[in-house]
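data.cif follows; it contains mmCIF, N, CA and C atoms.
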data_structure
loop_
_atom_site.label_atom_id
_atom_site.label_comp_id
_atom_site.auth_asym_id
_atom_site.auth_seq_id
_atom_site.Cartn_x
_atom_site.Cartn_y
_atom_site.Cartn_z
N MET A 30 52.73 -1.71 -22.39
CA MET A 30 51.65 -0.92 -21.91
C MET A 30 51.45 0.31 -22.79
N PRO A 31 50.18 0.58 -23.11
CA PRO A 31 49.92 1.78 -23.90
C PRO A 31 50.15 3.03 -23.07
N ALA A 32 50.69 4.02 -23.68
CA ALA A 32 51.02 5.25 -22.97
C ALA A 32 49.79 6.11 -22.74
N ASP A 33 48.86 6.09 -23.67
CA ASP A 33 47.70 6.96 -23.55
C ASP A 33 46.50 6.15 -23.04
N PRO A 34 45.84 6.56 -21.91
CA PRO A 34 44.70 5.80 -21.40
C PRO A 34 43.49 5.85 -22.33
N ALA A 35 43.39 6.83 -23.19
CA ALA A 35 42.25 6.94 -24.10
C ALA A 35 42.25 5.84 -25.13
N GLU A 36 43.40 5.27 -25.41
CA GLU A 36 43.47 4.20 -26.40
C GLU A 36 42.87 2.91 -25.88
N ARG A 37 42.85 2.73 -24.57
CA ARG A 37 42.31 1.49 -24.00
C ARG A 37 40.80 1.52 -23.85
N ARG A 38 40.17 2.64 -24.02
CA ARG A 38 38.71 2.72 -23.84
C ARG A 38 37.99 2.03 -24.97
N VAL A 39 36.93 1.35 -24.60
CA VAL A 39 36.09 0.67 -25.57
C VAL A 39 34.68 1.24 -25.44
N THR A 40 34.08 1.62 -26.52
CA THR A 40 32.71 2.14 -26.51
C THR A 40 31.75 1.00 -26.77
N VAL A 41 30.82 0.82 -25.86
CA VAL A 41 29.82 -0.22 -25.99
C VAL A 41 28.51 0.44 -26.35
N THR A 42 27.91 0.02 -27.44
CA THR A 42 26.63 0.57 -27.86
C THR A 42 25.60 -0.54 -27.89
N GLY A 43 24.40 -0.17 -27.71
CA GLY A 43 23.29 -1.13 -27.74
C GLY A 43 22.07 -0.46 -28.32
N PRO A 44 20.99 -1.18 -28.37
CA PRO A 44 19.77 -0.56 -28.90
C PRO A 44 19.33 0.59 -27.98
N PRO A 45 18.81 1.64 -28.57
CA PRO A 45 18.40 2.78 -27.74
C PRO A 45 17.24 2.40 -26.83
N ARG A 46 17.29 2.85 -25.63
CA ARG A 46 16.22 2.60 -24.66
C ARG A 46 15.16 3.68 -24.80
N ARG A 47 13.93 3.25 -24.54
CA ARG A 47 12.87 4.25 -24.54
C ARG A 47 12.88 4.95 -23.20
N SER A 48 13.02 6.22 -23.25
CA SER A 48 13.05 6.97 -22.00
C SER A 48 11.68 7.60 -21.76
N ARG A 49 11.36 7.75 -20.51
CA ARG A 49 10.10 8.39 -20.14
C ARG A 49 10.27 9.89 -20.22
N ARG A 50 9.36 10.50 -20.90
CA ARG A 50 9.40 11.95 -20.97
C ARG A 50 8.76 12.50 -19.71
N THR A 51 9.53 13.08 -18.86
CA THR A 51 9.00 13.59 -17.61
C THR A 51 8.65 15.06 -17.69
N SER A 52 9.30 15.78 -18.56
CA SER A 52 9.03 17.21 -18.63
C SER A 52 7.91 17.48 -19.63
N GLY A 53 6.87 18.15 -19.16
CA GLY A 53 5.79 18.56 -20.03
C GLY A 53 4.77 17.48 -20.35
N TYR A 54 4.95 16.29 -19.87
CA TYR A 54 4.01 15.22 -20.20
C TYR A 54 3.69 14.48 -18.92
N TYR A 55 2.43 14.47 -18.56
CA TYR A 55 2.07 13.77 -17.35
C TYR A 55 0.92 12.83 -17.62
N ARG A 56 0.86 11.75 -16.88
CA ARG A 56 -0.13 10.72 -17.13
C ARG A 56 -0.95 10.52 -15.86
N PRO A 57 -2.19 10.99 -15.87
CA PRO A 57 -3.03 10.83 -14.68
C PRO A 57 -3.28 9.36 -14.35
N ARG A 58 -3.39 8.51 -15.36
CA ARG A 58 -3.65 7.09 -15.10
C ARG A 58 -2.49 6.48 -14.32
N THR A 59 -1.26 6.88 -14.66
CA THR A 59 -0.10 6.39 -13.92
C THR A 59 -0.14 6.90 -12.48
N GLU A 60 -0.56 8.13 -12.30
CA GLU A 60 -0.67 8.69 -10.95
C GLU A 60 -1.66 7.89 -10.12
N ILE A 61 -2.74 7.47 -10.73
CA ILE A 61 -3.75 6.69 -10.01
C ILE A 61 -3.22 5.30 -9.71
N ASP A 62 -2.58 4.68 -10.70
CA ASP A 62 -2.04 3.33 -10.49
C ASP A 62 -0.97 3.30 -9.41
N GLU A 63 -0.14 4.32 -9.38
CA GLU A 63 0.93 4.36 -8.39
C GLU A 63 0.47 4.91 -7.04
N GLN A 64 -0.78 5.30 -6.94
CA GLN A 64 -1.40 5.80 -5.72
C GLN A 64 -0.64 6.98 -5.13
N THR A 65 -0.34 7.94 -6.00
CA THR A 65 0.31 9.16 -5.54
C THR A 65 -0.74 10.11 -4.98
N THR A 66 -0.29 11.22 -4.48
CA THR A 66 -1.22 12.21 -3.93
C THR A 66 -2.14 12.75 -5.02
N LEU A 67 -1.59 12.98 -6.20
CA LEU A 67 -2.41 13.47 -7.30
C LEU A 67 -3.43 12.42 -7.72
N GLY A 68 -3.02 11.16 -7.79
CA GLY A 68 -3.95 10.09 -8.13
C GLY A 68 -5.05 9.96 -7.09
N HIS A 69 -4.68 10.12 -5.83
CA HIS A 69 -5.66 10.07 -4.75
C HIS A 69 -6.67 11.21 -4.90
N THR A 70 -6.18 12.37 -5.32
CA THR A 70 -7.06 13.51 -5.53
C THR A 70 -8.04 13.25 -6.66
N TYR A 71 -7.57 12.63 -7.74
CA TYR A 71 -8.46 12.29 -8.85
C TYR A 71 -9.57 11.34 -8.38
N VAL A 72 -9.20 10.31 -7.66
CA VAL A 72 -10.18 9.32 -7.22
C VAL A 72 -11.16 9.95 -6.23
N ARG A 73 -10.65 10.79 -5.33
CA ARG A 73 -11.55 11.46 -4.38
C ARG A 73 -12.52 12.37 -5.11
N SER A 74 -12.08 12.98 -6.19
CA SER A 74 -12.96 13.83 -6.98
C SER A 74 -14.11 13.02 -7.56
N LEU A 75 -13.80 11.86 -8.10
CA LEU A 75 -14.85 10.99 -8.63
C LEU A 75 -15.79 10.54 -7.52
N MET A 76 -15.24 10.15 -6.40
CA MET A 76 -16.08 9.69 -5.29
C MET A 76 -16.98 10.81 -4.77
N ARG A 77 -16.45 12.04 -4.72
CA ARG A 77 -17.27 13.17 -4.27
C ARG A 77 -18.42 13.44 -5.22
N SER A 78 -18.16 13.37 -6.52
CA SER A 78 -19.23 13.62 -7.48
C SER A 78 -20.28 12.51 -7.41
N GLN A 79 -19.85 11.26 -7.21
CA GLN A 79 -20.81 10.16 -7.08
C GLN A 79 -21.63 10.32 -5.80
N LEU A 80 -20.98 10.73 -4.72
CA LEU A 80 -21.70 10.95 -3.46
C LEU A 80 -22.71 12.08 -3.59
N ARG A 81 -22.34 13.13 -4.30
CA ARG A 81 -23.26 14.25 -4.50
C ARG A 81 -24.52 13.80 -5.22
N VAL A 82 -24.37 12.98 -6.25
CA VAL A 82 -25.53 12.48 -6.99
C VAL A 82 -26.37 11.58 -6.09
N ALA A 83 -25.74 10.73 -5.30
CA ALA A 83 -26.47 9.84 -4.40
C ALA A 83 -27.25 10.64 -3.36
N LEU A 84 -26.66 11.71 -2.84
CA LEU A 84 -27.36 12.52 -1.84
C LEU A 84 -28.55 13.26 -2.45
N VAL A 85 -28.42 13.69 -3.69
CA VAL A 85 -29.55 14.33 -4.37
C VAL A 85 -30.69 13.34 -4.53
N VAL A 86 -30.37 12.12 -4.95
CA VAL A 86 -31.40 11.09 -5.12
C VAL A 86 -32.03 10.76 -3.78
N PHE A 87 -31.22 10.66 -2.73
CA PHE A 87 -31.76 10.37 -1.41
C PHE A 87 -32.70 11.48 -0.93
N ALA A 88 -32.32 12.73 -1.16
CA ALA A 88 -33.16 13.85 -0.75
C ALA A 88 -34.49 13.84 -1.50
N VAL A 89 -34.45 13.58 -2.79
CA VAL A 89 -35.70 13.50 -3.57
C VAL A 89 -36.55 12.34 -3.09
N LEU A 90 -35.92 11.22 -2.79
CA LEU A 90 -36.65 10.06 -2.29
C LEU A 90 -37.31 10.35 -0.94
N VAL A 91 -36.60 11.03 -0.06
CA VAL A 91 -37.18 11.40 1.24
C VAL A 91 -38.35 12.35 1.05
N LEU A 92 -38.22 13.31 0.15
CA LEU A 92 -39.33 14.23 -0.10
C LEU A 92 -40.51 13.55 -0.78
N LEU A 93 -40.23 12.51 -1.53
CA LEU A 93 -41.30 11.81 -2.24
C LEU A 93 -42.02 10.81 -1.34
N VAL A 94 -41.28 10.05 -0.55
CA VAL A 94 -41.87 8.98 0.25
C VAL A 94 -42.11 9.41 1.70
N GLY A 95 -41.32 10.35 2.19
CA GLY A 95 -41.42 10.77 3.59
C GLY A 95 -42.80 11.25 4.03
N PRO A 96 -43.47 12.08 3.26
CA PRO A 96 -44.77 12.58 3.71
C PRO A 96 -45.92 11.57 3.58
N LEU A 97 -45.69 10.43 2.98
CA LEU A 97 -46.78 9.48 2.78
C LEU A 97 -47.44 9.03 4.08
N PRO A 98 -46.70 8.70 5.14
CA PRO A 98 -47.39 8.33 6.39
C PRO A 98 -48.29 9.44 6.92
N LEU A 99 -47.90 10.69 6.75
CA LEU A 99 -48.75 11.80 7.19
C LEU A 99 -50.01 11.90 6.34
N VAL A 100 -49.86 11.68 5.05
CA VAL A 100 -51.04 11.69 4.16
C VAL A 100 -51.98 10.56 4.52
N PHE A 101 -51.43 9.39 4.80
CA PHE A 101 -52.28 8.25 5.14
C PHE A 101 -52.91 8.41 6.52
N ALA A 102 -52.22 9.06 7.43
CA ALA A 102 -52.78 9.28 8.77
C ALA A 102 -53.88 10.33 8.74
N ALA A 103 -53.80 11.28 7.80
CA ALA A 103 -54.82 12.33 7.69
C ALA A 103 -56.14 11.76 7.21
N ALA A 104 -56.12 10.72 6.44
CA ALA A 104 -57.35 10.11 5.92
C ALA A 104 -57.34 8.62 6.25
N PRO A 105 -57.64 8.24 7.51
CA PRO A 105 -57.53 6.83 7.91
C PRO A 105 -58.56 5.92 7.22
N GLU A 106 -59.69 6.45 6.80
CA GLU A 106 -60.70 5.58 6.19
C GLU A 106 -60.55 5.48 4.67
N ALA A 107 -59.62 6.16 4.10
CA ALA A 107 -59.44 6.15 2.64
C ALA A 107 -58.39 5.10 2.27
N ARG A 108 -58.76 3.83 2.33
CA ARG A 108 -57.84 2.74 1.99
C ARG A 108 -57.53 2.72 0.50
N ARG A 109 -58.46 3.15 -0.30
CA ARG A 109 -58.21 3.17 -1.74
C ARG A 109 -57.13 4.18 -2.10
N LEU A 110 -57.08 5.28 -1.36
CA LEU A 110 -56.05 6.29 -1.59
C LEU A 110 -54.67 5.69 -1.35
N GLU A 111 -54.54 4.91 -0.29
CA GLU A 111 -53.25 4.28 0.00
C GLU A 111 -52.82 3.36 -1.13
N TRP A 112 -53.72 2.52 -1.57
CA TRP A 112 -53.37 1.58 -2.64
C TRP A 112 -53.09 2.32 -3.95
N LEU A 113 -53.85 3.35 -4.20
CA LEU A 113 -53.63 4.13 -5.42
C LEU A 113 -52.26 4.80 -5.40
N VAL A 114 -51.93 5.41 -4.28
CA VAL A 114 -50.64 6.11 -4.19
C VAL A 114 -49.50 5.11 -4.20
N LEU A 115 -49.59 4.07 -3.39
CA LEU A 115 -48.49 3.10 -3.30
C LEU A 115 -48.39 2.23 -4.56
N GLY A 116 -49.50 1.86 -5.13
CA GLY A 116 -49.50 0.94 -6.25
C GLY A 116 -49.25 1.57 -7.60
N PHE A 117 -49.69 2.80 -7.78
CA PHE A 117 -49.59 3.39 -9.11
C PHE A 117 -48.82 4.71 -9.16
N CYS A 118 -49.07 5.59 -8.24
CA CYS A 118 -48.49 6.93 -8.33
C CYS A 118 -47.03 7.00 -7.88
N LEU A 119 -46.56 6.00 -7.19
CA LEU A 119 -45.20 6.06 -6.67
C LEU A 119 -44.18 5.42 -7.61
N TYR A 120 -44.60 4.46 -8.42
CA TYR A 120 -43.65 3.72 -9.24
C TYR A 120 -43.04 4.56 -10.37
N ALA A 121 -43.84 5.35 -11.02
CA ALA A 121 -43.32 6.16 -12.13
C ALA A 121 -42.23 7.13 -11.67
N PRO A 122 -42.44 7.90 -10.59
CA PRO A 122 -41.35 8.78 -10.14
C PRO A 122 -40.12 8.00 -9.67
N LEU A 123 -40.31 6.85 -9.05
CA LEU A 123 -39.16 6.05 -8.61
C LEU A 123 -38.36 5.53 -9.79
N ILE A 124 -39.03 5.09 -10.83
CA ILE A 124 -38.34 4.61 -12.02
C ILE A 124 -37.60 5.76 -12.71
N LEU A 125 -38.23 6.91 -12.81
CA LEU A 125 -37.57 8.07 -13.41
C LEU A 125 -36.36 8.51 -12.59
N LEU A 126 -36.51 8.47 -11.27
CA LEU A 126 -35.40 8.83 -10.40
C LEU A 126 -34.24 7.85 -10.54
N ALA A 127 -34.56 6.57 -10.63
CA ALA A 127 -33.51 5.56 -10.80
C ALA A 127 -32.81 5.72 -12.15
N ARG A 128 -33.56 5.97 -13.21
CA ARG A 128 -32.94 6.16 -14.52
C ARG A 128 -32.04 7.39 -14.53
N TRP A 129 -32.49 8.48 -13.90
CA TRP A 129 -31.66 9.69 -13.83
C TRP A 129 -30.38 9.40 -13.06
N TYR A 130 -30.49 8.66 -11.96
CA TYR A 130 -29.32 8.34 -11.15
C TYR A 130 -28.30 7.54 -11.96
N VAL A 131 -28.75 6.52 -12.64
CA VAL A 131 -27.83 5.68 -13.41
C VAL A 131 -27.17 6.48 -14.53
N ARG A 132 -27.93 7.29 -15.23
CA ARG A 132 -27.35 8.10 -16.29
C ARG A 132 -26.33 9.10 -15.76
N ARG A 133 -26.66 9.73 -14.64
CA ARG A 133 -25.75 10.73 -14.08
C ARG A 133 -24.45 10.09 -13.58
N VAL A 134 -24.56 8.94 -12.94
CA VAL A 134 -23.38 8.24 -12.44
C VAL A 134 -22.51 7.78 -13.61
N GLU A 135 -23.12 7.25 -14.65
CA GLU A 135 -22.34 6.84 -15.82
C GLU A 135 -21.67 8.05 -16.48
N ARG A 136 -22.35 9.18 -16.52
CA ARG A 136 -21.75 10.38 -17.09
C ARG A 136 -20.56 10.84 -16.25
N ASN A 137 -20.68 10.74 -14.93
CA ASN A 137 -19.54 11.09 -14.06
C ASN A 137 -18.35 10.18 -14.34
N GLU A 138 -18.61 8.90 -14.50
CA GLU A 138 -17.52 7.96 -14.78
C GLU A 138 -16.90 8.20 -16.14
N GLU A 139 -17.72 8.53 -17.14
CA GLU A 139 -17.18 8.84 -18.47
C GLU A 139 -16.32 10.10 -18.43
N ASP A 140 -16.76 11.10 -17.68
CA ASP A 140 -15.96 12.32 -17.54
C ASP A 140 -14.63 12.02 -16.86
N PHE A 141 -14.67 11.15 -15.86
CA PHE A 141 -13.45 10.78 -15.16
C PHE A 141 -12.48 10.04 -16.08
N VAL A 142 -13.02 9.11 -16.88
CA VAL A 142 -12.17 8.36 -17.81
C VAL A 142 -11.57 9.30 -18.84
N ARG A 143 -12.37 10.24 -19.34
CA ARG A 143 -11.86 11.22 -20.30
C ARG A 143 -10.76 12.07 -19.68
N LEU A 144 -10.89 12.35 -18.40
CA LEU A 144 -9.89 13.16 -17.71
C LEU A 144 -8.57 12.44 -17.56
N VAL A 145 -8.61 11.15 -17.29
CA VAL A 145 -7.37 10.42 -17.01
C VAL A 145 -6.83 9.64 -18.20
N GLU A 146 -7.50 9.75 -19.34
CA GLU A 146 -6.97 9.05 -20.52
C GLU A 146 -5.62 9.63 -20.91
N ASP A 147 -4.84 8.81 -21.55
CA ASP A 147 -3.49 9.24 -21.95
C ASP A 147 -3.52 10.23 -23.10
N ARG A 148 -4.49 10.16 -23.92
CA ARG A 148 -4.51 11.03 -25.11
C ARG A 148 -5.49 12.12 -24.97
#
Starting from the file, give its structure as structure tokens.
Amino acid sequence: MPADPAERRVTVTGPPRRSRRTSGYYRPRTEIDEQTTLGHTYVRSLMRSQLRVALVVFAVLVLLVGPLPLVFAAAPEARRLEWLVLGFCLYAPLILLARWYVRRVERNEEDFVRLVEDR
């Protein structure tokens, strides 16, 4: 029997493992994937900004289309006015509103992706 226990020790080495750097480096995408409180906050932030844009579009739509029945009721014999407003004057603002909505929503999503990117 060896007298010294240090002589019996064997050092086993292997390839170095990649360790996660936890101090000073954080990954928002990982937070979202793991559904942590911080990740939940990021997603809620995106959802709130998307909801805000949708409510703005809805408010503009209500202001644009809402008064039309009152306008049509004020002039019951002006059928041409109804067709003119519904057929021609309403489509351009609706298309512009839809284009603004899509662009704004895409910009919100791009900002969110930029926020949670690793680099």
Please provide the set of residues having any atom within 9 Å of A:Val134, restricted to only C-alpha atoms, with same-chain residues fewer than 2 positions apart removed, written as a list of chain:residue names.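 After dropping sequence-adjacent residues, the list is A:Ser78, A:Gln79, A:Val82, A:Ala83, A:Trp129, A:Tyr130, A:Val131, A:Arg132, A:Arg136, A:Asn137, A:Glu138, A:Glu139.
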Six-sided padding of 3 Å per side, axis-aligned box over stretch 97-109 of chain A, centre and edges in Å, one decimal, as lines of an AutoDock Vina configuration file:
center_x = -53.2
center_y = 7.5
center_z = 3.3
size_x = 21.0
size_y = 15.6
size_z = 16.9
Do you know which residues the PyMOL selection byres (((chain A and resi 89 and name CA) around 12) and name CA) returns on this file, as a list in words?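 So the PyMOL selection byres (((chain A and resi 89 and name CA) around 12) and name CA) ends up selecting Val82, Ala83, Leu84, Val85, Val86, Phe87, Ala88, Leu90, Val91, Leu92, Leu93, Val94, Gly95, Pro96, Pro122, Leu123, Leu125, Leu126, Ala127, Trp129 and Tyr130 of chain A.
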So which bits of stretch 55-110 of chain A end up helix (DSSP H, G or I) when you DSSP the backbone, as a PyMOL selection string? chain A and resi 57-62+66-94+97-103+108-110
Write out the residues from the selection above, keeping N, CA and C atoms, as a tab-separated table (two decimals), in the coordinates of the input.
chain	number	residue	atom	x	y	z
A	57	PRO	N	-2.19	10.99	-15.87
A	57	PRO	CA	-3.03	10.83	-14.68
A	57	PRO	C	-3.28	9.36	-14.35
A	58	ARG	N	-3.39	8.51	-15.36
A	58	ARG	CA	-3.65	7.09	-15.10
A	58	ARG	C	-2.49	6.48	-14.32
A	59	THR	N	-1.26	6.88	-14.66
A	59	THR	CA	-0.10	6.39	-13.92
A	59	THR	C	-0.14	6.90	-12.48
A	60	GLU	N	-0.56	8.13	-12.30
A	60	GLU	CA	-0.67	8.69	-10.95
A	60	GLU	C	-1.66	7.89	-10.12
A	61	ILE	N	-2.74	7.47	-10.73
A	61	ILE	CA	-3.75	6.69	-10.01
A	61	ILE	C	-3.22	5.30	-9.71
A	62	ASP	N	-2.58	4.68	-10.70
A	62	ASP	CA	-2.04	3.33	-10.49
A	62	ASP	C	-0.97	3.30	-9.41
A	66	THR	N	-0.29	11.22	-4.48
A	66	THR	CA	-1.22	12.21	-3.93
A	66	THR	C	-2.14	12.75	-5.02
A	67	LEU	N	-1.59	12.98	-6.20
A	67	LEU	CA	-2.41	13.47	-7.30
A	67	LEU	C	-3.43	12.42	-7.72
A	68	GLY	N	-3.02	11.16	-7.79
A	68	GLY	CA	-3.95	10.09	-8.13
A	68	GLY	C	-5.05	9.96	-7.09
A	69	HIS	N	-4.68	10.12	-5.83
A	69	HIS	CA	-5.66	10.07	-4.75
A	69	HIS	C	-6.67	11.21	-4.90
A	70	THR	N	-6.18	12.37	-5.32
A	70	THR	CA	-7.06	13.51	-5.53
A	70	THR	C	-8.04	13.25	-6.66
A	71	TYR	N	-7.57	12.63	-7.74
A	71	TYR	CA	-8.46	12.29	-8.85
A	71	TYR	C	-9.57	11.34	-8.38
A	72	VAL	N	-9.20	10.31	-7.66
A	72	VAL	CA	-10.18	9.32	-7.22
A	72	VAL	C	-11.16	9.95	-6.23
A	73	ARG	N	-10.65	10.79	-5.33
A	73	ARG	CA	-11.55	11.46	-4.38
A	73	ARG	C	-12.52	12.37	-5.11
A	74	SER	N	-12.08	12.98	-6.19
A	74	SER	CA	-12.96	13.83	-6.98
A	74	SER	C	-14.11	13.02	-7.56
A	75	LEU	N	-13.80	11.86	-8.10
A	75	LEU	CA	-14.85	10.99	-8.63
A	75	LEU	C	-15.79	10.54	-7.52
A	76	MET	N	-15.24	10.15	-6.40
A	76	MET	CA	-16.08	9.69	-5.29
A	76	MET	C	-16.98	10.81	-4.77
A	77	ARG	N	-16.45	12.04	-4.72
A	77	ARG	CA	-17.27	13.17	-4.27
A	77	ARG	C	-18.42	13.44	-5.22
A	78	SER	N	-18.16	13.37	-6.52
A	78	SER	CA	-19.23	13.62	-7.48
A	78	SER	C	-20.28	12.51	-7.41
A	79	GLN	N	-19.85	11.26	-7.21
A	79	GLN	CA	-20.81	10.16	-7.08
A	79	GLN	C	-21.63	10.32	-5.80
A	80	LEU	N	-20.98	10.73	-4.72
A	80	LEU	CA	-21.70	10.95	-3.46
A	80	LEU	C	-22.71	12.08	-3.59
A	81	ARG	N	-22.34	13.13	-4.30
A	81	ARG	CA	-23.26	14.25	-4.50
A	81	ARG	C	-24.52	13.80	-5.22
A	82	VAL	N	-24.37	12.98	-6.25
A	82	VAL	CA	-25.53	12.48	-6.99
A	82	VAL	C	-26.37	11.58	-6.09
A	83	ALA	N	-25.74	10.73	-5.30
A	83	ALA	CA	-26.47	9.84	-4.40
A	83	ALA	C	-27.25	10.64	-3.36
A	84	LEU	N	-26.66	11.71	-2.84
A	84	LEU	CA	-27.36	12.52	-1.84
A	84	LEU	C	-28.55	13.26	-2.45
A	85	VAL	N	-28.42	13.69	-3.69
A	85	VAL	CA	-29.55	14.33	-4.37
A	85	VAL	C	-30.69	13.34	-4.53
A	86	VAL	N	-30.37	12.12	-4.95
A	86	VAL	CA	-31.40	11.09	-5.12
A	86	VAL	C	-32.03	10.76	-3.78
A	87	PHE	N	-31.22	10.66	-2.73
A	87	PHE	CA	-31.76	10.37	-1.41
A	87	PHE	C	-32.70	11.48	-0.93
A	88	ALA	N	-32.32	12.73	-1.16
A	88	ALA	CA	-33.16	13.85	-0.75
A	88	ALA	C	-34.49	13.84	-1.50
A	89	VAL	N	-34.45	13.58	-2.79
A	89	VAL	CA	-35.70	13.50	-3.57
A	89	VAL	C	-36.55	12.34	-3.09
A	90	LEU	N	-35.92	11.22	-2.79
A	90	LEU	CA	-36.65	10.06	-2.29
A	90	LEU	C	-37.31	10.35	-0.94
A	91	VAL	N	-36.60	11.03	-0.06
A	91	VAL	CA	-37.18	11.40	1.24
A	91	VAL	C	-38.35	12.35	1.05
A	92	LEU	N	-38.22	13.31	0.15
A	92	LEU	CA	-39.33	14.23	-0.10
A	92	LEU	C	-40.51	13.55	-0.78
A	93	LEU	N	-40.23	12.51	-1.53
A	93	LEU	CA	-41.30	11.81	-2.24
A	93	LEU	C	-42.02	10.81	-1.34
A	94	VAL	N	-41.28	10.05	-0.55
A	94	VAL	CA	-41.87	8.98	0.25
A	94	VAL	C	-42.11	9.41	1.70
A	97	LEU	N	-45.69	10.43	2.98
A	97	LEU	CA	-46.78	9.48	2.78
A	97	LEU	C	-47.44	9.03	4.08
A	98	PRO	N	-46.70	8.70	5.14
A	98	PRO	CA	-47.39	8.33	6.39
A	98	PRO	C	-48.29	9.44	6.92
A	99	LEU	N	-47.90	10.69	6.75
A	99	LEU	CA	-48.75	11.80	7.19
A	99	LEU	C	-50.01	11.90	6.34
A	100	VAL	N	-49.86	11.68	5.05
A	100	VAL	CA	-51.04	11.69	4.16
A	100	VAL	C	-51.98	10.56	4.52
A	101	PHE	N	-51.43	9.39	4.80
A	101	PHE	CA	-52.28	8.25	5.14
A	101	PHE	C	-52.91	8.41	6.52
A	102	ALA	N	-52.22	9.06	7.43
A	102	ALA	CA	-52.78	9.28	8.77
A	102	ALA	C	-53.88	10.33	8.74
A	103	ALA	N	-53.80	11.28	7.80
A	103	ALA	CA	-54.82	12.33	7.69
A	103	ALA	C	-56.14	11.76	7.21
A	108	ARG	N	-58.76	3.83	2.33
A	108	ARG	CA	-57.84	2.74	1.99
A	108	ARG	C	-57.53	2.72	0.50
A	109	ARG	N	-58.46	3.15	-0.30
A	109	ARG	CA	-58.21	3.17	-1.74
A	109	ARG	C	-57.13	4.18	-2.10
A	110	LEU	N	-57.08	5.28	-1.36
A	110	LEU	CA	-56.05	6.29	-1.59
A	110	LEU	C	-54.67	5.69	-1.35
Selected residue of minimal separation from A:Leu75 among A:Phe141, A:Val41, A:Leu99, A:Thr59, counting all atoms listed in the file: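 Result for the nearest residue to A:Leu75: A:Phe141.
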Two-atom distance - atom C of A:Glu63, atom CA of A:Leu80 (Å):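 Distance reported for this atom pair: 23.3 Å.
Note that the spacing between atom N of A:Arg81 and atom C of A:His69 amounts to 15.8 Å.
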Could you state the separation of atom CA of A:Gly68 and atom C of A:Arg56 in Å, given to one decimal place? 8.3 Å
Atoms are missing here; could stretch 122-126 of chain A be completed with all heavy atoms and written as a JSON list (two decimals), in the coordinates of the input?
[["chain", "number", "residue", "atom", "x", "y", "z"],
["A", 122, "PRO", "N", -42.44, 7.90, -10.59],
["A", 122, "PRO", "CA", -41.35, 8.78, -10.14],
["A", 122, "PRO", "C", -40.12, 8.00, -9.67],
["A", 122, "PRO", "O", -38.99, 8.45, -9.88],
["A", 122, "PRO", "CB", -41.96, 9.57, -8.98],
["A", 122, "PRO", "CG", -43.42, 9.49, -9.18],
["A", 122, "PRO", "CD", -43.68, 8.20, -9.86],
["A", 123, "LEU", "N", -40.31, 6.85, -9.05],
["A", 123, "LEU", "CA", -39.16, 6.05, -8.61],
["A", 123, "LEU", "C", -38.36, 5.53, -9.79],
["A", 123, "LEU", "O", -37.12, 5.53, -9.76],
["A", 123, "LEU", "CB", -39.62, 4.89, -7.72],
["A", 123, "LEU", "CG", -40.10, 5.26, -6.32],
["A", 123, "LEU", "CD1", -40.56, 4.00, -5.58],
["A", 123, "LEU", "CD2", -39.02, 5.97, -5.54],
["A", 124, "ILE", "N", -39.03, 5.09, -10.83],
["A", 124, "ILE", "CA", -38.34, 4.61, -12.02],
["A", 124, "ILE", "C", -37.60, 5.76, -12.71],
["A", 124, "ILE", "O", -36.44, 5.60, -13.12],
["A", 124, "ILE", "CB", -39.32, 3.91, -12.98],
["A", 124, "ILE", "CG1", -39.77, 2.59, -12.36],
["A", 124, "ILE", "CG2", -38.70, 3.70, -14.34],
["A", 124, "ILE", "CD1", -40.87, 1.90, -13.11],
["A", 125, "LEU", "N", -38.23, 6.91, -12.81],
["A", 125, "LEU", "CA", -37.57, 8.07, -13.41],
["A", 125, "LEU", "C", -36.36, 8.51, -12.59],
["A", 125, "LEU", "O", -35.31, 8.86, -13.14],
["A", 125, "LEU", "CB", -38.55, 9.23, -13.56],
["A", 125, "LEU", "CG", -39.65, 9.01, -14.59],
["A", 125, "LEU", "CD1", -40.64, 10.17, -14.55],
["A", 125, "LEU", "CD2", -39.06, 8.87, -15.98],
["A", 126, "LEU", "N", -36.51, 8.47, -11.27],
["A", 126, "LEU", "CA", -35.40, 8.83, -10.40],
["A", 126, "LEU", "C", -34.24, 7.85, -10.54],
["A", 126, "LEU", "O", -33.08, 8.25, -10.61],
["A", 126, "LEU", "CB", -35.89, 8.87, -8.95],
["A", 126, "LEU", "CG", -34.92, 9.39, -7.90],
["A", 126, "LEU", "CD1", -34.60, 10.86, -8.16],
["A", 126, "LEU", "CD2", -35.52, 9.20, -6.52]]
